[in-house]
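*Asks:* Quick one: the structure is below, and I'll ask about it shortly.
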Amino acid sequence: MTHAYAVVFATPGEPQVLELRDYPLRAAGPGEITIAIEAAGVNFIDVHRRSGALEDGSAFPRTLGVEGAGRVVDCGPQVRGLSPGDRVAFVDSSTGSYASHAVLPATRAIRLPDDVSSETAAAFMFKGLTAEYLTHRCVPLAPDDWVVWHAAAGGVGSIATGWLAARGIRVIGLASSEAKRRQVLDAGCYAALDSDAPGALSFIREVTDGKGAHTVFDSVGRASRPPMP
């Protein structure tokens with residue numbers, strides 16, 4: 001029996017509750033693959049789960065990590081399209097990616113091209129899927145449309161704003177610091193603003209010729225209306 005290891009926590013709390021534990025790795029079942037993880041993505045949802053801010057009712061000890069990348073080392077019955085040795089990235093919350101291995105449905109993984117590293121794939125997979133859903137399937141957007149994106153320098157925002165700009169969509173990125181606003185402009189945004197700055201709302205109306213934005217994306221999750229001038 002193969003032994004693996006994972007970062008787990010037996011009670012919610014600060015980072016000190018995390019510990020490394022060994023465990024027996026179960027065999028891949030029908031439709032499942034076993035991945036030797038080379039890189040794990042880190043997301044705010046991991047912090048929320050570890051701290052107890054997000055309670056899912058699962059039994060302790062709990063694992064962390066919803067995305068990762070590595071190589072397939074075993075395939076269960078009924079797996080099609082993947083083989084041992086293939087490089088893959090995955091999104092799956094059931095097994096935890098802060099670990100040496102993961103056993104998960106093959107449908108939760110995609111094959112990686114040779115020019116995409118495991119580190120890049122693990123960092124972009126979950127956030128990239130979110131950005132793709134929001135910008136390609138959630139709202140129909142066309143070239144020259146105006147978009148306002150809160151937290152434009154964040155993980156999802158930095159991916160999505162670059163994609164939108166490449167499609168000819170004019171993005172006004174909101175970010176909390178000067179350094180982040182420079183990053184937003186480098187990503188292709190038409191303008192970058194501090195959402196808390198007086199006059200931000202007036203600027204958006206002015207730059208869009210009084211029409212305002214076609215769509216506003218909020219990655220903050222709190223009151224986010226710019227203050228009136």
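We label chains A, B, ... in the order they appear in the structure tokens, count residues from 1 in each chain, and number ligands from 1 in the order shown.
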Kindly assemble as a Markdown table a list of the segment 10-92 of chain A residues that lie within 12 Å of segment 140-161 of chain A, each paired with its nearest atom pair and their distance in Å to one decimal, using only C-alpha atoms, sorted first by chain and then by ascending residue number.
*Replies:*
```
| residue | atom | partner | partner_atom | distance |
| --- | --- | --- | --- | --- |
| A:Gly41 | CA | A:Gly155 | CA | 11.1 |
| A:Val42 | CA | A:Gly155 | CA | 10.2 |
| A:Asn43 | CA | A:Gly155 | CA | 8.6 |
| A:Phe44 | CA | A:Gly155 | CA | 9.8 |
```
*Asks:* Excluding Glu32 of chain A and residues on its chain fewer than 6 positions from it, collect all residues at most 10 Å away from it, counting only C-alpha atoms, and give them as a ChimeraX atom specification.
*Replies:* /A:74-80,103-108
*Asks:* Set the distance at 9 Å and use only C-alpha atoms: which residues neighbour Thr95 of chain A once local chain neighbours fewer than 5 positions away are removed? I'd like the list as a PyMOL selection string.
*Replies:* chain A and resi 63-66+101-104
*Asks:* Which polymer residues have any atom within 10 Å of an atom of Gly212 of chain A, counting only C-alpha atoms, with same-chain residues fewer than 2 positions away left out, as an MDAnalysis selection string?
*Replies:* chainID A and resid 146:148 201:210 214:216
*Asks:* Could you tell me how far atom CA of Phe217 of chain A sits from atom CA of Phe126 of chain A, in Å to one decimal place?
*Replies:*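 Atom CA of Phe217 of chain A lies 17.5 Å from atom CA of Phe126 of chain A.
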*Asks:* From a DSSP calculation on the backbone, collect every residue of segment 117-209 of chain A in strand (DSSP E or B) and output the set as a PyMOL selection string.
*Replies:* chain A and resi 146-149+170-174+191-193
*Asks:* List every residue of segment 5-220 of chain A that DSSP, applied to the backbone, labels as alpha helix (DSSP H), and write the result as an MDAnalysis selection string.
*Replies:* chainID A and resid 44:51 118:132 155:166 178:186 200:207
*Asks:* Separation of atom CA of Glu55 of chain A and atom CA of Val91 of chain A, in Å?
*Replies:* 19.6 Å
